[in-house]
Structure formats: C-alpha cells, structure tokens
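*Asks:* Sharing a structure, written as structure tokens. Questions coming.
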Amino acid sequence: MTLTIVPNSVAVDSDYFPTLTLAERDRRWANVRAFLSTQGIDALVIFGQGRNANDSYLTNEESHATVLFTPTEEPLMLVGDVPINRYDGAGARYERWTDSWLHGNPIGNLTAVLKERSLDAATIGVVGLTSRAVGQWNGVIPFRTWTNVLAALPKVTWVDVADAFETLTQFKSAEEQEMIRKAAAIGEAACAAYVEATRVGVRESVVTAAAINAIVAAGGWMRAPFILERAGSHRFGWGQPEWFGMGGAPYILEAGDSIASEIFAYYGGFESQQQIDVVLGEPDRLLRELEDVCLESYHAGIAALRPGMRFAELAEIMDEPLKRSKTWNTGPMVQTVSGVLYNSATRIDPSVDPALGHLPKLPSGVALDGDFEIGEGVAFAFEPNALRDGKRVCIGGTVMLTDRGIEELNTIPNRLVSVDA
C-alpha cells in the first residue's frame, strides 16, 4: 500500500485558532459510554493529575480534576475550589462542555455522589492507578488519596482500565487532527526561532528561550519537561541541561559546536514534538554519518506507515538502520504523541560506542514499550537519533496518519541544520 505524503496545511502566522466543538464532545462521550459497556463497568473515575491530564478528554478543560462518568449523566468534575475562572469576562469567552461540578474534598464528594446514585457497591473503572505515559507507569494518584478512596468505598470493585482508555484516546477525530496540525505548526515556528538564535558567542539559554517564546507567542503552551537541550562539541547525554537545576552559567556556543533540543509544543492540550539539531559551521564527517542513519530510519518509517500495521512493526523498521550502523540511541526512534504512550526501544546496545569506555557502567536499555494496531488518526513523534564517539544527531517531527495520507507536519527539524560559524 502506498499512501500520499501530505504537508502540514495549517500556518502558524495566521489568525486561525481551532477549538473543539460540542459535536466533538458528544462523539467522545458516546465513545466512552461504549467503552463502559465493552469493559463491563458501571462507571468510570478519572484522576486528572499527570502530564496527559486525562480528565480533559471528557471536559475539554485542563483542571486536573477527578471526573466521574456514568452511562446516563454528563461528567461530574470534582475540584478543590469553586472554578471561578469560568464566570468572569475572560472565562466567558470559552464554551464549556459541562456545568456539572462540585467543589470541596473530591474524595468526600465522590463518595457522596456514588452513594446517591446507588453506585457505592458497583464495578467502577479507574484511570490513574497506572499509566502508559512515560514516567507515570506507577500512576498519578497520590497514595493518601487512593487509601482514602478504598476506605470510604469498601464495597466498590475497582478495575484499572488506564491502558485501554489511554489507547482509545490515541485515535484522533477530524477536529482533534486539526488541533495537532496547529500544535505542529507552532513547533515549526519554534524551530525557526531556534535556528535563527543559534550563533557563535550566544549562550545556549538564549537559543532555548527563543523556542519557548515562539511557542507562547503563537498561542501554544508547554508541559513538563517543557524542553530538552544540550550543547557543545562533545555530548552523548540527553535531557535538560544542568543549569536548569544546578545553576551556573549556560554554555556559550563556539564554532564547531552543535546544539539540539526536543521541543514539546502544545496547542489546546494537544502535543506535538520537534527534534531540532543545529551545527555551527559545516558538519564533520561523523555528524553526517549519524545524520544519514537518522534519515534512513525516518524515511523507512514514512515508507512503511499504514493503517493495520502494528506499532512493534514500525519500531523494528525504524530501529534497523541504527543496529546495522553500529550506533546507539538515547531516545526512542519513534513514539506516539498526544499522548506519549507507546515507545520504541531506547539505548540499543551502547557497547558499540568506544566513547563510553570510561563510564563506570554502561547505560541500561529499555525495550519496546507496548504494542497496538495503528489506524487513521494516530500521531507520532518520528525522532530517530544516533550516537557514536561523543557525537549525537537527532532529527524529526510530528507525523500523523489520516484519511488524507501520511501527514509530515514538520519540515525544518527533519534533517541536521547548519548555520554559519
């Protein structure tokens, strides 16, 4: 099967700011009511803490609420304080999906409502005890909160449905796809600002700030970890730079250095990702070799992506150039995005890299994390990365599979960028 390759149709410099309609609300609520039936549960309770804010799937608000959803009632938002932001002039600009909320102790209110609705001995699904999201495998519910739930509702049979629920949210409707296009367009603007700011004599913090400023200025936002960044002529680590947490002077860029970031550009709660990698001057032979590995992985994934294939198949195809080249990776070659739930393997065989010989212990690898059948409406971060001899290259952006074909939503980060030194 050959699919059309489609560029991003959304421009970031326009006055186009899509939102989700009540039709999308009704579609989601219908999907979750069907989910209750297929899971054999009487109700669903979502704890909205965490990066993906799962409560927003039912409420379209990022309030980190505890949400109760039943087959017949609209979702009930349980929040600590009165949501007064709904009622001033600024809040009145936005159409709300539900006016059903209670403030106060969320667990006390949940207990009272379940008893009132004769659900205090029911079988209830829970989202938040575990999660597929990176770093949240042990869930997002605080220990004391869950202890109080169990004590207050001893007759309820709780069923952890997080995996199935989170997978359900991966398949985006036409409206949701448009939100991701906008998020990726904002990420593209962040990449452009990043490249423009990269110059000899500039602190790495200035380059990072340029990307962040572009996201917010365009009507986007960020969630933790906000942005990853590393700069210098010798770098094989990955993550936030040390000055984020330890202080000290951000590094001043020199000729021959490279600076790279993983940008998390959100719009309306929808995440896109861009892997921007910039070299000051002409890339050396090793950087070009690493770039070739990444490009081969990226294009192999684009050529293979189709409805009905397994995520594990896509991961294997994109991993193969890395394994053959005797390089290794510090991040997955591909992951789902919005939310980040399924990941290809990371740190595949770092023993191939002689530059790691001085380490007290080689970094441990993480195998393929989960599998599902890919369909239309799933978005990915294509982010192939390759390392050897103290050099790292990572490229790629957001890719979405739709009824239009394969949509490559980013352009600038899809290869190594060089600027004058």
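Here's how to read the names in the structure tokens: chain A, B, ... by the order shown, residue numbers from 1 in each chain, ligand numbers from 1 in the order shown.
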Please provide the set of residues having any atom within 10 Å of Leu368 (chain A), restricted to only C-alpha atoms, with same-chain residues fewer than 6 positions apart removed, written as a PDB file with all heavy atoms, in the first residue's frame.
*Replies:*
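Final file, around_4.pdb:
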ATOM      1  N   PHE A 311       2.396  -1.286  15.924  1.00  0.00           N
ATOM      2  CA  PHE A 311       3.428  -0.339  16.334  1.00  0.00           C
ATOM      3  C   PHE A 311       4.784  -1.034  16.432  1.00  0.00           C
ATOM      4  O   PHE A 311       5.816  -0.453  16.071  1.00  0.00           O
ATOM      5  CB  PHE A 311       3.057   0.304  17.672  1.00  0.00           C
ATOM      6  CG  PHE A 311       4.090   1.267  18.179  1.00  0.00           C
ATOM      7  CD1 PHE A 311       4.213   2.528  17.624  1.00  0.00           C
ATOM      8  CD2 PHE A 311       4.957   0.904  19.203  1.00  0.00           C
ATOM      9  CE1 PHE A 311       5.182   3.416  18.074  1.00  0.00           C
ATOM     10  CE2 PHE A 311       5.926   1.787  19.669  1.00  0.00           C
ATOM     11  CZ  PHE A 311       6.039   3.050  19.101  1.00  0.00           C
ATOM     12  N   ALA A 312       4.800  -2.279  16.892  1.00  0.00           N
ATOM     13  CA  ALA A 312       6.055  -3.024  17.005  1.00  0.00           C
ATOM     14  C   ALA A 312       6.721  -3.205  15.638  1.00  0.00           C
ATOM     15  O   ALA A 312       7.949  -3.195  15.533  1.00  0.00           O
ATOM     16  CB  ALA A 312       5.811  -4.381  17.653  1.00  0.00           C
ATOM     17  N   ALA A 315       8.337   0.136  14.767  1.00  0.00           N
ATOM     18  CA  ALA A 315       9.536   0.314  15.588  1.00  0.00           C
ATOM     19  C   ALA A 315      10.693  -0.520  15.056  1.00  0.00           C
ATOM     20  O   ALA A 315      11.839  -0.041  14.966  1.00  0.00           O
ATOM     21  CB  ALA A 315       9.221  -0.053  17.031  1.00  0.00           C
ATOM     22  N   GLU A 316      10.434  -1.747  14.690  1.00  0.00           N
ATOM     23  CA  GLU A 316      11.502  -2.620  14.180  1.00  0.00           C
ATOM     24  C   GLU A 316      12.104  -2.057  12.900  1.00  0.00           C
ATOM     25  O   GLU A 316      13.331  -2.070  12.714  1.00  0.00           O
ATOM     26  CB  GLU A 316      10.945  -4.024  13.932  1.00  0.00           C
ATOM     27  CG  GLU A 316      11.990  -5.027  13.462  1.00  0.00           C
ATOM     28  CD  GLU A 316      11.427  -6.426  13.270  1.00  0.00           C
ATOM     29  OE1 GLU A 316      10.197  -6.599  13.375  1.00  0.00           O
ATOM     30  OE2 GLU A 316      12.225  -7.344  13.003  1.00  0.00           O
ATOM     31  N   PRO A 332      13.833   6.939  22.026  1.00  0.00           N
ATOM     32  CA  PRO A 332      13.207   6.059  21.046  1.00  0.00           C
ATOM     33  C   PRO A 332      13.359   6.619  19.630  1.00  0.00           C
ATOM     34  O   PRO A 332      13.515   7.835  19.454  1.00  0.00           O
ATOM     35  CB  PRO A 332      11.740   6.034  21.476  1.00  0.00           C
ATOM     36  CG  PRO A 332      11.541   7.328  22.207  1.00  0.00           C
ATOM     37  CD  PRO A 332      12.846   7.600  22.904  1.00  0.00           C
ATOM     38  N   GLN A 335       7.730   7.280  18.715  1.00  0.00           N
ATOM     39  CA  GLN A 335       6.783   7.121  19.808  1.00  0.00           C
ATOM     40  C   GLN A 335       5.459   7.732  19.377  1.00  0.00           C
ATOM     41  O   GLN A 335       5.409   8.551  18.454  1.00  0.00           O
ATOM     42  CB  GLN A 335       7.279   7.788  21.091  1.00  0.00           C
ATOM     43  CG  GLN A 335       7.487   9.270  20.973  1.00  0.00           C
ATOM     44  CD  GLN A 335       8.108   9.918  22.197  1.00  0.00           C
ATOM     45  OE1 GLN A 335       8.099  11.127  22.313  1.00  0.00           O
ATOM     46  NE2 GLN A 335       8.674   9.143  23.115  1.00  0.00           N
ATOM     47  N   TYR A 342       3.304   4.941  23.642  1.00  0.00           N
ATOM     48  CA  TYR A 342       3.988   3.779  23.084  1.00  0.00           C
ATOM     49  C   TYR A 342       5.341   4.230  22.532  1.00  0.00           C
ATOM     50  O   TYR A 342       5.412   5.209  21.786  1.00  0.00           O
ATOM     51  CB  TYR A 342       3.156   3.126  21.977  1.00  0.00           C
ATOM     52  CG  TYR A 342       1.884   2.493  22.491  1.00  0.00           C
ATOM     53  CD1 TYR A 342       0.718   3.242  22.635  1.00  0.00           C
ATOM     54  CD2 TYR A 342       1.857   1.152  22.854  1.00  0.00           C
ATOM     55  CE1 TYR A 342      -0.448   2.664  23.124  1.00  0.00           C
ATOM     56  CE2 TYR A 342       0.693   0.563  23.336  1.00  0.00           C
ATOM     57  CZ  TYR A 342      -0.455   1.329  23.465  1.00  0.00           C
ATOM     58  OH  TYR A 342      -1.603   0.751  23.959  1.00  0.00           O
ATOM     59  N   ASN A 343       6.405   3.505  22.896  1.00  0.00           N
ATOM     60  CA  ASN A 343       7.766   3.912  22.566  1.00  0.00           C
ATOM     61  C   ASN A 343       8.569   2.744  22.014  1.00  0.00           C
ATOM     62  O   ASN A 343       8.498   1.628  22.538  1.00  0.00           O
ATOM     63  CB  ASN A 343       8.478   4.430  23.816  1.00  0.00           C
ATOM     64  CG  ASN A 343       7.833   5.665  24.394  1.00  0.00           C
ATOM     65  OD1 ASN A 343       8.172   6.781  24.035  1.00  0.00           O
ATOM     66  ND2 ASN A 343       6.881   5.476  25.302  1.00  0.00           N
ATOM     67  N   SER A 344       9.349   3.031  20.965  1.00  0.00           N
ATOM     68  CA  SER A 344      10.314   2.032  20.520  1.00  0.00           C
ATOM     69  C   SER A 344      11.466   1.959  21.528  1.00  0.00           C
ATOM     70  O   SER A 344      11.538   2.750  22.469  1.00  0.00           O
ATOM     71  CB  SER A 344      10.827   2.382  19.120  1.00  0.00           C
ATOM     72  OG  SER A 344      11.555   3.596  19.126  1.00  0.00           O
ATOM     73  N   ALA A 345      12.360   1.024  21.314  1.00  0.00           N
ATOM     74  CA  ALA A 345      13.417   0.751  22.294  1.00  0.00           C
ATOM     75  C   ALA A 345      14.421   1.903  22.375  1.00  0.00           C
ATOM     76  O   ALA A 345      14.687   2.592  21.380  1.00  0.00           O
ATOM     77  CB  ALA A 345      14.142  -0.536  21.922  1.00  0.00           C
ATOM     78  N   THR A 346      14.973   2.098  23.556  1.00  0.00           N
ATOM     79  CA  THR A 346      15.998   3.118  23.763  1.00  0.00           C
ATOM     80  C   THR A 346      17.284   2.481  24.273  1.00  0.00           C
ATOM     81  O   THR A 346      17.275   1.400  24.857  1.00  0.00           O
ATOM     82  CB  THR A 346      15.529   4.179  24.781  1.00  0.00           C
ATOM     83  OG1 THR A 346      15.244   3.539  26.034  1.00  0.00           O
ATOM     84  CG2 THR A 346      14.294   4.893  24.301  1.00  0.00           C
TER      85      THR A 346
END
*Asks:* Where does region 22-140 of chain A meet region 156-168 of chain A within 8 Å, residue by residue, with the nearest atom pair and distance in Å to one decimal for each, counting only C-alpha atoms, listed by chain and rising number, as CSV?
*Replies:*
residue,atom,partner,partner_atom,distance
A:Phe35,CA,A:Phe165,CA,8.0
A:Gln39,CA,A:Val161,CA,7.9
A:Ile41,CA,A:Val159,CA,7.9
A:Leu119,CA,A:Val156,CA,7.7
A:Asp120,CA,A:Val156,CA,5.7
A:Ala121,CA,A:Val156,CA,4.4
A:Ala122,CA,A:Val156,CA,5.2
A:Thr123,CA,A:Thr157,CA,4.6
A:Ile124,CA,A:Trp158,CA,5.1
A:Gly125,CA,A:Val159,CA,4.6
A:Val126,CA,A:Asp160,CA,5.1
A:Val127,CA,A:Ala162,CA,4.6
A:Gly128,CA,A:Ala162,CA,6.5
A:Leu129,CA,A:Asp160,CA,6.6
A:Thr130,CA,A:Ala162,CA,6.3
A:Ser131,CA,A:Ala162,CA,5.9
A:Arg132,CA,A:Asp163,CA,6.3
*Asks:* So, with only C-alpha atoms as the atoms that count, which of A:Pro241, A:Leu314, A:Gly269, A:Ala211 lies closest to Thr59 (chain A)?
*Replies:* A:Gly269
*Asks:* Looking only at alpha helix (DSSP H) from DSSP on the backbone, list the matching residues of region 74-122 of chain A as a short mmCIF file (atom, residue, chain, number, x, y, z; two decimals) with all heavy atoms, in the first residue's frame.
*Replies:*
data_model
loop_
_atom_site.label_atom_id
_atom_site.label_comp_id
_atom_site.auth_asym_id
_atom_site.auth_seq_id
_atom_site.Cartn_x
_atom_site.Cartn_y
_atom_site.Cartn_z
N PRO A 106 -12.56 16.28 47.06
CA PRO A 106 -13.01 15.45 45.93
C PRO A 106 -13.40 14.04 46.33
O PRO A 106 -14.37 13.49 45.78
CB PRO A 106 -11.80 15.46 44.99
CG PRO A 106 -11.06 16.71 45.32
CD PRO A 106 -11.23 16.87 46.81
N ILE A 107 -12.68 13.44 47.29
CA ILE A 107 -12.98 12.07 47.68
C ILE A 107 -14.28 12.02 48.49
O ILE A 107 -15.11 11.13 48.32
CB ILE A 107 -11.81 11.44 48.45
CG1 ILE A 107 -10.53 11.54 47.62
CG2 ILE A 107 -12.11 10.00 48.80
CD1 ILE A 107 -10.66 11.06 46.19
N GLY A 108 -14.47 12.99 49.36
CA GLY A 108 -15.73 13.07 50.09
C GLY A 108 -16.90 13.26 49.15
O GLY A 108 -17.96 12.61 49.30
N ASN A 109 -16.75 14.13 48.16
CA ASN A 109 -17.82 14.36 47.20
C ASN A 109 -18.05 13.15 46.30
O ASN A 109 -19.19 12.82 45.97
CB ASN A 109 -17.52 15.59 46.35
CG ASN A 109 -17.78 16.88 47.10
OD1 ASN A 109 -18.63 16.94 47.99
ND2 ASN A 109 -17.06 17.94 46.75
N LEU A 110 -16.98 12.48 45.91
CA LEU A 110 -17.12 11.26 45.10
C LEU A 110 -17.89 10.21 45.87
O LEU A 110 -18.81 9.57 45.34
CB LEU A 110 -15.74 10.73 44.72
CG LEU A 110 -15.71 9.40 43.97
CD1 LEU A 110 -16.38 9.52 42.61
CD2 LEU A 110 -14.27 8.89 43.82
N THR A 111 -17.55 10.03 47.12
CA THR A 111 -18.24 9.04 47.96
C THR A 111 -19.73 9.36 48.07
O THR A 111 -20.59 8.48 47.90
CB THR A 111 -17.60 9.00 49.35
OG1 THR A 111 -16.21 8.68 49.23
CG2 THR A 111 -18.27 7.98 50.24
N ALA A 112 -20.04 10.62 48.32
CA ALA A 112 -21.44 11.03 48.49
C ALA A 112 -22.23 10.82 47.20
O ALA A 112 -23.36 10.32 47.23
CB ALA A 112 -21.50 12.49 48.93
N VAL A 113 -21.64 11.17 46.07
CA VAL A 113 -22.35 11.06 44.80
C VAL A 113 -22.56 9.59 44.42
O VAL A 113 -23.63 9.21 43.93
CB VAL A 113 -21.59 11.81 43.69
CG1 VAL A 113 -22.21 11.52 42.32
CG2 VAL A 113 -21.62 13.31 43.96
N LEU A 114 -21.55 8.76 44.63
CA LEU A 114 -21.71 7.34 44.32
C LEU A 114 -22.81 6.71 45.18
O LEU A 114 -23.60 5.88 44.69
CB LEU A 114 -20.38 6.60 44.51
CG LEU A 114 -19.29 6.91 43.47
CD1 LEU A 114 -18.02 6.14 43.79
CD2 LEU A 114 -19.77 6.57 42.06
N LYS A 115 -22.89 7.09 46.45
CA LYS A 115 -23.97 6.57 47.30
C LYS A 115 -25.32 7.09 46.83
O LYS A 115 -26.30 6.34 46.76
CB LYS A 115 -23.70 6.97 48.74
CG LYS A 115 -22.54 6.23 49.38
CD LYS A 115 -22.30 6.67 50.82
CE LYS A 115 -21.16 5.87 51.45
NZ LYS A 115 -20.86 6.29 52.84
N GLU A 116 -25.37 8.35 46.46
CA GLU A 116 -26.62 8.95 45.99
C GLU A 116 -27.12 8.27 44.73
O GLU A 116 -28.33 8.12 44.52
CB GLU A 116 -26.36 10.44 45.72
CG GLU A 116 -27.52 11.22 45.17
CD GLU A 116 -27.09 12.64 44.84
OE1 GLU A 116 -26.54 13.32 45.72
OE2 GLU A 116 -27.28 13.06 43.67
#
*Asks:* What residues in region 27-68 of chain A get the DSSP label strand (DSSP E)? Please answer as an MDAnalysis selection string.
*Replies:* chainID A and resid 43:47 66:68
*Asks:* Can you pull out the residues contacting Gly377 (chain A)? Cut-off 12 Å, using only C-alpha atoms, and skip same-chain residues under 5 positions away; I want them as JSON, numbers by chain.
*Replies:* {"A": [167, 168, 169, 170, 171, 172, 173, 174, 175, 176, 177, 178, 179, 180, 181, 306, 307, 336, 337, 338, 399, 400, 401, 402, 403, 404, 405, 406, 407]}
*Asks:* Taking only C-alpha atoms into account, which of A:Glu262, A:Arg203, A:Ala34, A:Leu280 comes nearest Pro250 (chain A)?
*Replies:*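 Among A:Glu262, A:Arg203, A:Ala34, A:Leu280, it is A:Arg203 that comes nearest to Pro250 (chain A).
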*Asks:* Would you kindly return, as a list in words, each protein, DNA or RNA residue with an atom no farther than 9 Å from any atom of Val352 (chain A), considering only C-alpha atoms and excluding same-chain residues fewer than 3 positions away?
*Replies:*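 My reading of the contact set: Lys326, Thr327, Trp328, Asp349, Leu356 and Arg388 of chain A.
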*Asks:* Find the distance between CA of Glu95 (chain A) and CA of Ser37 (chain A) and write it in Å to one decimal.
*Replies:*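 Value for the CA of Glu95 (chain A)-CA of Ser37 (chain A) distance: 29.0 Å.
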*Asks:* Between CA of Ala367 (chain A) and CA of Pro225 (chain A), what distance in Å does the model show, to one decimal?
*Replies:*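 Between CA of Ala367 (chain A) and CA of Pro225 (chain A) the gap is 21.9 Å.
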*Asks:* Which residues are near Asp26 (chain A)? Cut-off 12 Å, only C-alpha atoms, ignore same chain within fewer than 5 positions. Put them as a list in words.
*Replies:*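 These residues fall inside the cut-off: Leu20, Thr21, Asn31, Val32, Arg33, Tyr57, Leu58, Thr59, Asn60, Glu74, Pro75, Trp97, Thr98 and Ser173 of chain A.
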*Asks:* Only N, CA, C and O atoms, please: the residues just picked out, written as a PDB file, in the first residue's frame.
*Replies:*
ATOM      1  N   LEU A  20     -12.294  22.742  19.861  1.00  0.00           N
ATOM      2  CA  LEU A  20     -13.151  21.564  19.766  1.00  0.00           C
ATOM      3  C   LEU A  20     -14.607  21.977  19.995  1.00  0.00           C
ATOM      4  O   LEU A  20     -14.906  22.762  20.891  1.00  0.00           O
ATOM      5  N   THR A  21     -15.498  21.432  19.185  1.00  0.00           N
ATOM      6  CA  THR A  21     -16.915  21.802  19.237  1.00  0.00           C
ATOM      7  C   THR A  21     -17.697  20.865  20.149  1.00  0.00           C
ATOM      8  O   THR A  21     -17.191  19.845  20.624  1.00  0.00           O
ATOM      9  N   ASN A  31     -18.232   7.603  22.751  1.00  0.00           N
ATOM     10  CA  ASN A  31     -17.145   6.615  22.749  1.00  0.00           C
ATOM     11  C   ASN A  31     -16.906   6.046  24.136  1.00  0.00           C
ATOM     12  O   ASN A  31     -16.692   4.838  24.309  1.00  0.00           O
ATOM     13  N   VAL A  32     -16.941   6.915  25.146  1.00  0.00           N
ATOM     14  CA  VAL A  32     -16.654   6.443  26.497  1.00  0.00           C
ATOM     15  C   VAL A  32     -17.837   5.649  27.049  1.00  0.00           C
ATOM     16  O   VAL A  32     -17.650   4.701  27.814  1.00  0.00           O
ATOM     17  N   ARG A  33     -19.053   5.998  26.662  1.00  0.00           N
ATOM     18  CA  ARG A  33     -20.201   5.170  27.081  1.00  0.00           C
ATOM     19  C   ARG A  33     -20.088   3.772  26.472  1.00  0.00           C
ATOM     20  O   ARG A  33     -20.367   2.769  27.153  1.00  0.00           O
ATOM     21  N   TYR A  57     -10.142  14.828  28.488  1.00  0.00           N
ATOM     22  CA  TYR A  57     -10.794  14.102  27.396  1.00  0.00           C
ATOM     23  C   TYR A  57     -12.311  14.199  27.504  1.00  0.00           C
ATOM     24  O   TYR A  57     -13.013  14.239  26.489  1.00  0.00           O
ATOM     25  N   LEU A  58     -12.819  14.266  28.729  1.00  0.00           N
ATOM     26  CA  LEU A  58     -14.262  14.354  28.937  1.00  0.00           C
ATOM     27  C   LEU A  58     -14.754  15.772  29.178  1.00  0.00           C
ATOM     28  O   LEU A  58     -15.935  16.058  28.983  1.00  0.00           O
ATOM     29  N   THR A  59     -13.865  16.666  29.594  1.00  0.00           N
ATOM     30  CA  THR A  59     -14.297  18.008  29.993  1.00  0.00           C
ATOM     31  C   THR A  59     -13.777  19.123  29.095  1.00  0.00           C
ATOM     32  O   THR A  59     -14.303  20.238  29.138  1.00  0.00           O
ATOM     33  N   ASN A  60     -12.735  18.840  28.312  1.00  0.00           N
ATOM     34  CA  ASN A  60     -12.079  19.851  27.477  1.00  0.00           C
ATOM     35  C   ASN A  60     -11.493  20.983  28.306  1.00  0.00           C
ATOM     36  O   ASN A  60     -11.299  22.088  27.813  1.00  0.00           O
ATOM     37  N   GLU A  74     -23.958  13.403  32.425  1.00  0.00           N
ATOM     38  CA  GLU A  74     -22.758  14.028  31.883  1.00  0.00           C
ATOM     39  C   GLU A  74     -21.664  13.987  32.944  1.00  0.00           C
ATOM     40  O   GLU A  74     -21.934  13.763  34.126  1.00  0.00           O
ATOM     41  N   PRO A  75     -20.403  14.164  32.541  1.00  0.00           N
ATOM     42  CA  PRO A  75     -19.315  14.021  33.513  1.00  0.00           C
ATOM     43  C   PRO A  75     -19.425  15.027  34.651  1.00  0.00           C
ATOM     44  O   PRO A  75     -19.791  16.185  34.444  1.00  0.00           O
ATOM     45  N   TRP A  97     -17.986  22.435  28.195  1.00  0.00           N
ATOM     46  CA  TRP A  97     -18.630  21.185  27.829  1.00  0.00           C
ATOM     47  C   TRP A  97     -19.613  20.712  28.887  1.00  0.00           C
ATOM     48  O   TRP A  97     -20.512  19.940  28.586  1.00  0.00           O
ATOM     49  N   THR A  98     -19.404  21.092  30.113  1.00  0.00           N
ATOM     50  CA  THR A  98     -20.301  20.665  31.187  1.00  0.00           C
ATOM     51  C   THR A  98     -20.333  21.725  32.283  1.00  0.00           C
ATOM     52  O   THR A  98     -19.335  22.396  32.540  1.00  0.00           O
ATOM     53  N   SER A 173     -10.057  12.263  16.056  1.00  0.00           N
ATOM     54  CA  SER A 173     -11.099  12.660  15.116  1.00  0.00           C
ATOM     55  C   SER A 173     -10.573  13.751  14.193  1.00  0.00           C
ATOM     56  O   SER A 173      -9.456  14.273  14.368  1.00  0.00           O
TER      57      SER A 173
END
